[in-house]
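A short worksheet on the structure shown next.
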Protein chains: 2
Amino acid sequence: MKRVETIGVIGGGQLGRMFALDAKRMGYYVVTLDPQEHSPCGQVADEQIVAAYDDLGAIEELGRRSDVITYEFENIDIGSVRHLESLSYRVTPASNVLHVTQDRLLEKQFARDAGLQTTDFASVRDAGDLDKAAKTIGFPAILKTVRGGYDGKGQWGADSIEEARAALEAAAGAPLIFERMASLKCEVSVIATRSSRDEIVAYPVAENTHDRGILAMTIAPARIDEAIAARAREAAATVGRGLRIVGTYCVEFFVSTAGELMLNEIAPRPHNSGHYTIDVTQCSQYEQHVRAICDLPLAPPRLLANAIMMNVLGTGTGNHLDGVADLLTDPTIVVHMYGKRHAVARRKMGHFTMLVDGPVDDAAIARAQAALAKLRWVRC
Amino acid sequence: MKRVETIGVIGGGQLGRMFALDAKRMGYYVVTLDPQEHSPCGQVADEQIVAAYDDLGAIEELGRRSDVITYEFENIDIGSVRHLESLSYRVTPASNVLHVTQDRLLEKQFARDAGLQTTDFASVRDAGDLDKAAKTIGFPAILKTVRGGYDGKGQWGADSIEEARAALEAAAGAPLIFERMASLKCEVSVIATRSSRDEIVAYPVAENTHDRGILAMTIAPARIDEAIAARAREAAATVGRGLRIVGTYCVEFFVSTAGELMLNEIAPRPHNSGHYTIDVTQCSQYEQHVRAICDLPLAPPRLLANAIMMNVLGTGTGNHLDGVADLLTDPTIVVHMYGKRHAVARRKMGHFTMLVDGPVDDAAIARAQAALAKLRWVRC
């Protein structure tokens with residue numbers, strides 16, 4: 001296999017940026033492809049090809065310039081990945097992974113087939129499907145578009161058939177998945193990395209709090225029973241093996257009040273809930289991805305401190321982040337900003353990690369929340 | 001004071017690169033100035049101005065584009081820094097710092113005046129000076145050019161007046177400093193950062209092993225008495241205050257077999273012996289420099305693990321580094337490569353940090369040395 005000098009990344013967002021920061025640190029050349037000039041990833045990469053994700057000419061150009069190609073979010077055009085594969089460029093994870101993870105029904109079915117528990121679900125394409133799902137699965141439910149949603153977009157909660165019908169109408173013909181909402185203790189995720197030699201490493205289970213569909217806070221390690229944590233890590237390994245993923249991926253789970261562990265979603269890429277690995281492990285989820293796609297040995301992660309990660313979202317009130325100096329008076333805080341010019345409401349602009357001595361308790365969480373409250377988007 | 005969005009860096013080497021990686025992670029725009037296109041720093045910066053360090057037009061351009069300017073090595077043209085100062089651009093550390101640290105005689109005299117111990121030294125410009133120094137200071141001695149040397153260049157050891165005369169001849173008229181070589185227990189360094197508010201933070205004392213004038217290995221923390229370590233950290237604070245440095249700097253010391261602590265050299269910038277701070281503290285020497293020059297609070301460093309840092313030098317036997325996959329089978333190793341194309345003999349090409357549980361002992365050092373021995377520069 002050809003030695004990797006240059007890594008191509010489809011997508012120029014913050015995940016690509018953090019990946020590129022680690023890849024550059026390790027000495028690789030990085031070329032990214034993104035339609036937006038001077039993208040978050042483009043700012044730290046050696047080069048950026050400015051083009052749409054489905055511009056096959058540009059995708060081919062990326063293939064020519066790179067020794068291996070990866071992507072930083074899963075809603076890129078699968079056709080682009082297949083095109084690279086058809087030309088024998090090394091692209092990883094392979095298109096079979098995208099095929100499954102881009103479709104919530106295939107994803108859930110894959111999980112079931114692999115012996116993993118999920119919430120009860122049904123496919124809903126019309127009012128007849130909806131009535132059937134309402135009867136067999138029941139409420140409270142959540143309806144999601146089968147394809148393309150992220151960060152809470154394309155999702156509707158429903159406590160009744162009337163609300164479910166409103167969701168069906170709002171979806172405007174897009175195929176939906178109807179899922180029973182379980183009574184949750186918490187949501188957790190496992191970041192894992194698999195190599196082409198079928199090595200798998202998994203990070204400590206992370207506990208996630210969302211706000212209107214967008215990740216707000218991650219606590220690592222999750223405050224759950226070790227037995228459930230072990231099951232989650234095993235399930236993540238099962239997913240990686242089943243899909244033959246080469247690279248870093250994330251598996252999100254619901255933990256029900258009854259102690260069930262239900263697979264919710266698979267992301268075939270580094271994940272927001274794994275940002276903490278940059279600051280408190282010796283080998284971040286991004287470096288681990290570099291290692292996997294460049295056929296280097298994976299590194300069993302070592303947790304050097306416990307952590308709370310808080311996302312910093314835009315608020316639409318200005319593009320200048322005020323309060324960073326105040327935030328940084330706490331020496332346990334490590335700041336990451338993504339170089340985005342416009343702090344649109346609810347856009348992920350950055351995050352910080354708070355290092356925590358001992359177990360993450362309510363006092364530590366309150367400290368992290370108070371730290372976040374110091375930040376304010378203002379007009380200059 | 002104007003809020004900093006863009007940081008200018010004079011010099012595009014690996015120190016600038018590691019600085020830029022942290023500055024980018026924190027969300028800053030980085031512009032570097034270096035004569036070599038696509039320099040190590042330029043590869044990760046937003047922009048590079050390709051120009052000589054003493055090209056005042058280009059230096060002014062860097063000033064216009066930046067909210068604050070710094071430099072990544074101390075042998076840049078002091079005239080460039082003074083030029084920026086004369087135009088009221090913010091540049092830090094200020095030229096007074098370079099004035100002292102670019103001249104080994106002024107540097108030693110500054111240390112003496114600040115009440116810090118140094119080796120015995122004398123200025124040598126001709127054979128008469130040399131005879132006098134040989135008598136008053138004696139041998140073994142080391143002769144160094146007063147200006148411009150680094151990594152063992154411009155240095156000659158001398159055990160006799162004959163050898164000293166040969167050094168004087170080799171220096172070809174360059175002014176020299178004649179220093180007594182003390183009987184050493186070890187060499188140590190302190191990385192510290194000072195803010196404009198006169199806050200000072202210092203990292204754990206590092207212990208350095210050189211090979212023919214070039215740093216080979218750093219052990220952190222140094223294996224010295226706590227009392228000597230405390231004195232070294234105090235001395236570093238004295239240096240920072242005395243020179244009114246704003247930014248990260250390094251003070252190197254000799255520890256004599258008699259337990260004396262003698263200041264050897266001051267580097268007004270992040271330093272090779274502080275690379276370990278990237279991997280085993282929550283706030284690296286580079287982030288600390290960003291904080292200082294952007295007027296953010298400094299972070300008292302927390303050591304998350306002990307460390308051994310090994311430099312990876314070129315050997316002139318090829319430009320491809322073989323053995324990285326083998327090296328990375330050890331999950332305690334973190335690799336940093338600088339993106340240099342040509343692995344000229346004894347050129348600093350990269351380094352790695354080995355995380356060590358418990359005190360750094362001979363077994364750990366042997367492990368680090370064995371790890372380094374896995375690497376080999378080959379032709380592709």
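Chain labels follow the order of the structure tokens: the first chain is A, the next B, and so on; residue numbering restarts at 1 in every chain, and ligands are counted from 1 in their shown order.
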
Selection: 7 Å around stretch 169-176 of chain A, only C-alpha atoms, excl. self and same-chain fewer than 3 positions, as a tab-separated table (two decimals) with N, CA and C atoms, in the first residue's frame:
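Result went into around_2.tsv, see below:
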chain	number	residue	atom	x	y	z
A	123	SER	N	-41.51	2.45	9.39
A	123	SER	CA	-41.39	3.35	8.24
A	123	SER	C	-42.73	4.02	7.99
A	124	VAL	N	-42.71	5.33	7.77
A	124	VAL	CA	-43.96	6.06	7.52
A	124	VAL	C	-43.80	6.90	6.26
A	125	ARG	N	-44.60	6.50	5.23
A	125	ARG	CA	-44.55	7.26	3.99
A	125	ARG	C	-45.87	7.97	3.71
A	143	LEU	N	-40.89	11.57	15.20
A	143	LEU	CA	-40.84	11.31	13.76
A	143	LEU	C	-39.64	12.04	13.20
A	144	LYS	N	-38.87	11.32	12.39
A	144	LYS	CA	-37.66	11.92	11.81
A	144	LYS	C	-37.64	11.62	10.32
A	145	THR	N	-37.10	12.55	9.54
A	145	THR	CA	-36.90	12.22	8.14
A	145	THR	C	-35.87	11.10	8.07
A	146	VAL	N	-36.11	10.17	7.15
A	146	VAL	CA	-35.22	9.01	7.05
A	146	VAL	C	-33.82	9.44	6.62
A	165	ARG	N	-49.69	13.57	12.72
A	165	ARG	CA	-50.17	13.96	11.38
A	165	ARG	C	-49.61	15.31	10.97
A	166	ALA	N	-49.48	16.21	11.94
A	166	ALA	CA	-48.90	17.53	11.65
A	166	ALA	C	-47.43	17.37	11.21

**Message:** I'd like the contact shell of A:Val334 - 12 Å cut-off, only C-alpha atoms, skipping same-chain residues fewer than 2 positions apart - returned as number ranges by chain.
**Reply:** A: 275-280, 307-310, 324, 327-332, 336-337, 350-356, 368, 371; B: 22, 25-26, 281-284, 287-288, 291, 298-299, 301

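Minimum atom-to-atom distances from B:Leu263, B:Leu98, B:Ala325, B:Val205 to B:Thr238 were compared using only C-alpha atoms, and the lowest value belongs to B:Leu263.
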
Given identical sequences, can you show me chain A least-squares superposed on chain B via all its Cα atoms in order, as a short mmCIF file (atom, residue, chain, number, x, y, z; two decimals) with C-alpha atoms, in the first residue's frame?
data_model
loop_
_atom_site.label_atom_id
_atom_site.label_comp_id
_atom_site.auth_asym_id
_atom_site.auth_seq_id
_atom_site.Cartn_x
_atom_site.Cartn_y
_atom_site.Cartn_z
CA MET A 1 -6.43 47.92 23.48
CA LYS A 2 -7.73 46.55 20.19
CA ARG A 3 -9.10 43.02 20.39
CA VAL A 4 -6.79 40.56 18.65
CA GLU A 5 -8.17 38.65 15.67
CA THR A 6 -5.02 38.19 13.62
CA ILE A 7 -1.59 37.29 14.96
CA GLY A 8 1.52 37.91 12.86
CA VAL A 9 4.53 35.64 13.30
CA ILE A 10 7.99 36.53 11.99
CA GLY A 11 9.64 33.20 11.17
CA GLY A 12 8.03 30.11 9.69
CA GLY A 13 9.85 27.24 11.43
CA GLN A 14 8.54 24.52 13.70
CA LEU A 15 8.13 26.80 16.71
CA GLY A 16 5.92 29.05 14.63
CA ARG A 17 4.06 25.98 13.39
CA MET A 18 3.30 24.66 16.87
CA PHE A 19 2.35 28.17 17.96
CA ALA A 20 0.01 28.49 14.97
CA LEU A 21 -1.62 25.11 15.66
CA ASP A 22 -2.62 26.34 19.11
CA ALA A 23 -3.55 29.83 17.92
CA LYS A 24 -5.78 28.34 15.20
CA ARG A 25 -7.36 25.98 17.70
CA MET A 26 -8.21 29.03 19.81
CA GLY A 27 -9.79 30.69 16.77
CA TYR A 28 -7.18 33.27 15.75
CA TYR A 29 -6.12 34.08 12.22
CA VAL A 30 -2.40 33.63 11.73
CA VAL A 31 -0.13 35.28 9.17
CA THR A 32 3.51 34.27 9.07
CA LEU A 33 6.48 35.86 7.32
CA ASP A 34 9.27 33.61 6.10
CA PRO A 35 11.53 33.58 3.04
CA GLN A 36 10.77 29.91 2.34
CA GLU A 37 7.44 29.26 0.61
CA HIS A 38 5.02 26.82 2.30
CA SER A 39 7.17 26.93 5.45
CA PRO A 40 6.37 24.65 8.41
CA CYS A 41 4.36 27.49 9.96
CA GLY A 42 2.96 28.66 6.62
CA GLN A 43 1.43 25.22 6.10
CA VAL A 44 -0.93 25.70 9.04
CA ALA A 45 -1.27 29.49 9.05
CA ASP A 46 -4.03 31.31 7.19
CA GLU A 47 -1.48 33.16 5.10
CA GLN A 48 2.24 33.45 4.57
CA ILE A 49 4.12 36.52 3.37
CA VAL A 50 7.14 35.18 1.49
CA ALA A 51 9.95 37.62 2.28
CA ALA A 52 13.27 38.00 4.08
CA TYR A 53 13.16 38.79 7.80
CA ASP A 54 14.80 42.16 7.16
CA ASP A 55 12.55 43.17 4.25
CA LEU A 56 11.03 46.21 5.94
CA GLY A 57 8.31 46.61 3.32
CA ALA A 58 7.14 43.06 3.94
CA ILE A 59 7.49 43.50 7.70
CA GLU A 60 5.25 46.56 7.47
CA GLU A 61 2.76 44.53 5.45
CA LEU A 62 2.75 41.95 8.26
CA GLY A 63 2.15 44.76 10.74
CA ARG A 64 -0.79 46.08 8.73
CA ARG A 65 -2.43 42.67 8.52
CA SER A 66 -1.94 41.77 12.20
CA ASP A 67 -3.37 42.99 15.48
CA VAL A 68 -0.25 41.81 17.30
CA ILE A 69 3.09 40.54 15.98
CA THR A 70 5.50 38.08 17.55
CA TYR A 71 8.49 36.06 16.36
CA GLU A 72 9.43 32.45 16.66
CA PHE A 73 13.18 32.65 16.84
CA GLU A 74 15.51 35.23 18.27
CA ASN A 75 17.99 35.66 15.46
CA ILE A 76 15.62 37.68 13.35
CA ASP A 77 16.69 41.18 12.47
CA ILE A 78 16.20 43.44 15.48
CA GLY A 79 15.80 46.31 13.00
CA SER A 80 12.55 44.73 11.82
CA VAL A 81 11.15 44.70 15.34
CA ARG A 82 12.27 48.29 15.96
CA HIS A 83 10.70 49.32 12.67
CA LEU A 84 7.35 47.86 13.75
CA GLU A 85 7.67 49.55 17.13
CA SER A 86 8.45 52.88 15.47
CA LEU A 87 5.22 52.59 13.50
CA SER A 88 3.26 51.82 16.69
CA TYR A 89 2.46 48.27 15.76
CA ARG A 90 2.14 45.96 18.77
CA VAL A 91 5.11 43.60 18.67
CA THR A 92 6.08 41.40 21.57
CA PRO A 93 8.52 40.58 23.12
CA ALA A 94 9.82 44.12 22.59
CA SER A 95 13.15 44.93 20.96
CA ASN A 96 14.86 45.53 24.32
CA VAL A 97 14.53 41.79 24.92
CA LEU A 98 16.16 40.91 21.60
CA HIS A 99 18.87 43.50 22.22
CA VAL A 100 19.97 41.59 25.31
CA THR A 101 19.33 38.00 24.24
CA GLN A 102 20.99 38.36 20.84
CA ASP A 103 24.27 39.19 22.58
CA ARG A 104 25.76 36.57 24.90
CA LEU A 105 27.82 39.17 26.74
CA LEU A 106 24.87 41.47 27.42
CA GLU A 107 22.81 38.43 28.38
CA LYS A 108 25.34 37.19 30.92
CA GLN A 109 25.86 40.72 32.26
CA PHE A 110 22.10 41.17 32.60
CA ALA A 111 21.92 37.93 34.59
CA ARG A 112 24.76 39.01 36.88
CA ASP A 113 23.16 42.42 37.41
CA ALA A 114 19.90 40.69 38.31
CA GLY A 115 21.72 38.75 41.00
CA LEU A 116 21.77 35.44 39.13
CA GLN A 117 24.80 33.19 39.03
CA THR A 118 26.45 32.43 35.67
CA THR A 119 29.62 30.65 34.66
CA ASP A 120 32.72 32.84 34.73
CA PHE A 121 33.07 34.58 31.40
CA ALA A 122 35.09 37.16 29.50
CA SER A 123 34.86 38.99 26.21
CA VAL A 124 37.44 37.88 23.65
CA ARG A 125 38.07 39.93 20.54
CA ASP A 126 41.76 39.24 19.98
CA ALA A 127 44.73 37.16 21.08
CA GLY A 128 45.45 39.53 23.97
CA ASP A 129 41.92 39.13 25.38
CA LEU A 130 42.30 35.38 24.96
CA ASP A 131 45.52 35.14 26.93
CA LYS A 132 44.00 37.23 29.71
CA ALA A 133 40.82 35.09 29.82
CA ALA A 134 42.86 31.88 29.85
CA LYS A 135 44.72 33.15 32.91
CA THR A 136 41.85 34.63 34.89
CA ILE A 137 39.17 32.05 34.01
CA GLY A 138 41.08 28.95 32.99
CA PHE A 139 40.21 25.65 31.33
CA PRO A 140 38.24 23.64 30.40
CA ALA A 141 36.46 26.43 28.58
CA ILE A 142 33.99 26.96 25.82
CA LEU A 143 34.26 29.76 23.28
CA LYS A 144 31.10 30.96 21.59
CA THR A 145 30.38 33.68 19.09
CA VAL A 146 28.72 36.53 20.95
CA ARG A 147 25.99 36.75 18.32
CA GLY A 148 24.11 34.46 15.97
CA GLY A 149 25.02 30.92 17.02
CA TYR A 150 22.41 28.26 17.75
CA ASP A 151 22.16 24.47 17.98
CA GLY A 152 25.90 24.22 18.69
CA LYS A 153 26.93 26.35 15.72
CA GLY A 154 29.61 28.95 16.53
CA GLN A 155 30.82 27.06 19.60
CA TRP A 156 34.20 25.50 20.33
CA GLY A 157 35.32 23.58 23.40
CA ALA A 158 38.92 24.22 24.51
CA ASP A 159 41.01 22.38 27.08
CA SER A 160 44.12 24.45 26.47
CA ILE A 161 45.32 27.80 25.22
CA GLU A 162 46.29 26.13 21.92
CA GLU A 163 42.75 24.87 21.37
CA ALA A 164 41.37 28.25 22.38
CA ARG A 165 43.62 29.94 19.81
CA ALA A 166 42.34 27.55 17.14
CA ALA A 167 38.79 28.55 18.09
CA LEU A 168 39.68 32.23 17.82
CA GLU A 169 41.02 31.58 14.34
CA ALA A 170 37.95 29.53 13.35
CA ALA A 171 35.72 32.39 14.47
CA ALA A 172 37.39 34.53 11.78
CA GLY A 173 37.13 37.81 13.60
CA ALA A 174 33.68 37.35 15.14
CA PRO A 175 33.62 38.57 18.75
CA LEU A 176 33.67 35.68 21.21
CA ILE A 177 32.68 34.96 24.76
CA PHE A 178 35.07 32.79 26.78
CA GLU A 179 33.26 30.72 29.41
CA ARG A 180 34.57 28.38 32.06
CA MET A 181 33.03 24.91 31.66
CA ALA A 182 31.80 23.91 35.09
CA SER A 183 31.66 20.31 36.20
CA LEU A 184 28.01 19.58 35.48
CA LYS A 185 25.45 17.37 37.12
CA CYS A 186 22.94 18.24 34.41
CA GLU A 187 21.42 20.96 32.26
CA VAL A 188 17.91 22.15 33.00
CA SER A 189 15.53 24.73 31.61
CA VAL A 190 12.47 26.58 32.76
CA ILE A 191 9.73 27.58 30.37
CA ALA A 192 7.85 30.55 31.73
CA THR A 193 5.35 33.06 30.45
CA ARG A 194 4.86 36.63 31.56
CA SER A 195 1.88 38.85 30.82
CA SER A 196 1.74 42.61 30.49
CA ARG A 197 0.05 42.61 33.91
CA ASP A 198 3.25 41.06 35.31
CA GLU A 199 1.62 37.69 35.97
CA ILE A 200 4.21 34.93 35.59
CA VAL A 201 3.57 31.21 35.24
CA ALA A 202 6.38 28.67 35.08
CA TYR A 203 6.26 25.05 33.94
CA PRO A 204 7.94 22.24 35.85
CA VAL A 205 11.72 22.35 35.42
CA ALA A 206 12.87 20.25 32.46
CA GLU A 207 16.11 18.29 32.27
CA ASN A 208 17.92 18.41 28.96
CA THR A 209 20.47 16.20 27.26
CA HIS A 210 22.32 17.62 24.28
CA ASP A 211 24.20 15.86 21.56
CA ARG A 212 26.90 17.97 19.92
CA GLY A 213 25.11 21.19 20.81
CA ILE A 214 21.61 20.10 19.76
CA LEU A 215 18.91 19.14 22.23
CA ALA A 216 18.38 15.39 22.08
CA MET A 217 16.12 14.59 25.03
CA THR A 218 14.05 16.45 27.62
CA ILE A 219 12.80 14.84 30.82
CA ALA A 220 9.98 16.51 32.73
CA PRO A 221 10.05 17.06 35.57
CA ALA A 222 13.84 17.24 35.97
CA ARG A 223 15.39 14.74 38.38
CA ILE A 224 16.83 17.39 40.69
CA ASP A 225 16.27 18.50 44.28
CA GLU A 226 13.05 20.43 44.79
CA ALA A 227 15.10 23.27 46.33
CA ILE A 228 17.16 23.69 43.14
CA ALA A 229 14.01 23.41 41.02
CA ALA A 230 12.37 26.16 43.07
CA ARG A 231 15.46 28.36 42.64
CA ALA A 232 15.40 27.79 38.89
CA ARG A 233 11.75 28.80 38.65
CA GLU A 234 12.43 31.89 40.73
CA ALA A 235 15.39 32.79 38.56
CA ALA A 236 13.21 32.43 35.46
CA ALA A 237 10.69 34.82 37.00
CA THR A 238 13.51 37.27 37.75
CA VAL A 239 14.58 37.14 34.09
CA GLY A 240 11.06 37.72 32.81
CA ARG A 241 10.54 40.67 35.13
CA GLY A 242 13.99 42.11 34.51
CA LEU A 243 13.60 42.10 30.74
CA ARG A 244 9.87 42.91 30.92
CA ILE A 245 9.20 40.03 28.52
CA VAL A 246 5.58 39.65 27.43
CA GLY A 247 5.22 36.11 26.15
CA THR A 248 6.69 32.67 26.65
CA TYR A 249 10.45 32.39 27.13
CA CYS A 250 13.00 29.85 28.21
CA VAL A 251 15.89 30.12 30.63
CA GLU A 252 18.55 27.43 30.44
CA PHE A 253 20.74 26.64 33.42
CA PHE A 254 23.70 24.48 34.32
CA VAL A 255 23.43 22.55 37.55
CA SER A 256 26.97 21.93 38.80
CA THR A 257 28.02 18.84 40.69
CA ALA A 258 28.36 21.19 43.67
CA GLY A 259 24.65 22.06 43.40
CA GLU A 260 25.14 25.53 41.93
CA LEU A 261 22.57 26.82 39.47
CA MET A 262 24.15 28.90 36.72
CA LEU A 263 22.18 30.73 34.06
CA ASN A 264 23.39 29.70 30.62
CA GLU A 265 21.07 31.20 28.06
CA ILE A 266 17.77 33.03 27.60
CA ALA A 267 15.48 32.38 24.62
CA PRO A 268 12.70 34.99 24.33
CA ARG A 269 10.26 32.56 22.70
CA PRO A 270 8.78 29.07 23.15
CA HIS A 271 11.60 26.54 23.27
CA ASN A 272 12.39 23.01 22.15
CA SER A 273 12.69 21.92 25.78
CA GLY A 274 9.06 22.97 26.30
CA HIS A 275 7.53 20.82 23.58
CA TYR A 276 6.47 18.34 26.25
CA THR A 277 3.96 20.92 27.52
CA ILE A 278 1.80 20.31 24.42
CA ASP A 279 1.08 16.73 25.37
CA VAL A 280 1.10 16.59 29.16
CA THR A 281 -0.24 19.93 30.35
CA GLN A 282 -3.65 21.48 29.83
CA CYS A 283 -2.10 24.66 28.40
CA SER A 284 1.03 24.37 26.27
CA GLN A 285 3.88 26.88 26.16
CA TYR A 286 2.42 27.97 22.79
CA GLU A 287 -1.10 28.59 24.09
CA GLN A 288 0.44 30.41 27.02
CA HIS A 289 2.28 32.64 24.52
CA VAL A 290 -0.99 33.30 22.68
CA ARG A 291 -2.60 34.23 25.97
CA ALA A 292 0.23 36.58 26.93
CA ILE A 293 0.41 38.46 23.65
CA CYS A 294 -3.40 38.65 23.34
CA ASP A 295 -3.75 39.91 26.92
CA LEU A 296 -5.69 36.89 28.12
CA PRO A 297 -5.17 35.46 31.61
CA LEU A 298 -2.29 33.00 31.91
CA ALA A 299 -3.05 29.44 33.06
CA PRO A 300 -1.00 27.98 35.91
CA PRO A 301 0.11 24.76 34.22
CA ARG A 302 -1.06 21.34 35.45
CA LEU A 303 1.17 18.37 34.70
CA LEU A 304 -1.16 15.52 33.66
CA ALA A 305 1.66 12.98 33.22
CA ASN A 306 5.43 12.90 33.36
CA ALA A 307 7.17 12.97 30.01
CA ILE A 308 10.24 12.28 27.94
CA MET A 309 10.62 14.28 24.75
CA MET A 310 12.98 12.98 22.05
CA ASN A 311 13.99 15.09 19.06
CA VAL A 312 13.88 13.43 15.64
CA LEU A 313 16.79 14.79 13.59
CA GLY A 314 17.51 14.33 9.92
CA THR A 315 20.46 12.15 8.98
CA GLY A 316 20.95 13.06 5.33
CA THR A 317 20.10 9.49 4.30
CA GLY A 318 16.70 10.25 2.80
CA ASN A 319 13.55 12.30 3.25
CA HIS A 320 11.10 9.56 4.18
CA LEU A 321 10.81 8.60 7.82
CA ASP A 322 10.51 4.86 8.14
CA GLY A 323 9.38 3.12 11.30
CA VAL A 324 6.59 5.45 12.42
CA ALA A 325 4.06 2.60 12.41
CA ASP A 326 6.41 0.59 14.61
CA LEU A 327 6.95 3.61 16.90
CA LEU A 328 3.21 4.09 17.30
CA THR A 329 2.64 0.57 18.55
CA ASP A 330 3.51 2.18 21.90
CA PRO A 331 0.30 3.98 22.91
CA THR A 332 2.19 6.30 25.29
CA ILE A 333 3.93 8.03 22.37
CA VAL A 334 2.65 11.22 20.72
CA VAL A 335 4.29 12.18 17.42
CA HIS A 336 4.92 15.68 16.05
CA MET A 337 6.37 16.21 12.58
CA TYR A 338 7.18 19.61 11.15
CA GLY A 339 6.35 19.21 7.46
CA LYS A 340 9.93 19.83 6.31
CA ARG A 341 10.68 18.31 2.92
CA HIS A 342 14.41 17.77 3.31
CA ALA A 343 15.83 15.74 6.17
CA VAL A 344 19.29 17.29 6.07
CA ALA A 345 21.74 15.81 8.58
CA ARG A 346 21.06 17.07 12.13
CA ARG A 347 18.07 19.15 11.07
CA LYS A 348 15.16 19.13 13.54
CA MET A 349 12.44 17.28 11.63
CA GLY A 350 10.07 16.37 14.43
CA HIS A 351 9.87 15.02 17.94
CA PHE A 352 7.86 12.67 20.05
CA THR A 353 6.67 12.78 23.63
CA MET A 354 6.46 9.63 25.70
CA LEU A 355 3.99 9.80 28.59
CA VAL A 356 5.45 8.17 31.68
CA ASP A 357 3.53 6.88 34.69
CA GLY A 358 5.36 7.66 37.92
CA PRO A 359 8.88 9.07 38.05
CA VAL A 360 11.01 9.01 34.93
CA ASP A 361 13.56 6.29 35.64
CA ASP A 362 16.32 4.63 33.65
CA ALA A 363 13.91 2.02 32.29
CA ALA A 364 11.63 4.73 30.90
CA ILE A 365 14.59 6.51 29.32
CA ALA A 366 15.78 3.25 27.77
CA ARG A 367 12.27 2.75 26.39
CA ALA A 368 12.29 6.23 24.83
CA GLN A 369 15.73 5.66 23.32
CA ALA A 370 14.65 2.29 21.92
CA ALA A 371 11.59 3.98 20.45
CA LEU A 372 13.75 6.61 18.76
CA ALA A 373 15.98 3.88 17.36
CA LYS A 374 13.00 2.49 15.45
CA LEU A 375 13.02 5.54 13.18
CA ARG A 376 15.17 5.70 10.08
CA TRP A 377 15.38 8.21 7.24
CA VAL A 378 15.31 6.40 3.91
CA ARG A 379 15.03 7.27 0.26
CA CYS A 380 11.64 6.42 -1.23
#

**Request:** Once DSSP has gone over the backbone, tell me which residues of stretch 10-210 of chain B are in strand (DSSP E), as number ranges by chain.
**Result:** B: 10, 29-34, 47-50, 68-71, 121-124, 141-145, 155-158, 176-180, 184-194, 200-202, 206-210

**Those of stretch 67-287 of chain B in DSSP alpha helix (DSSP H), formatted as JSON, numbers by chain** = {"B": [78, 79, 80, 81, 82, 83, 84, 85, 86, 95, 96, 97, 98, 99, 100, 101, 104, 105, 106, 107, 108, 109, 110, 111, 112, 113, 127, 128, 129, 130, 131, 132, 133, 134, 135, 136, 161, 162, 163, 164, 165, 166, 167, 168, 169, 170, 226, 227, 228, 229, 230, 231, 232, 233, 234, 235, 236, 237, 238, 239, 240, 241, 242, 243, 276, 277, 278, 279, 280, 285, 286, 287]}
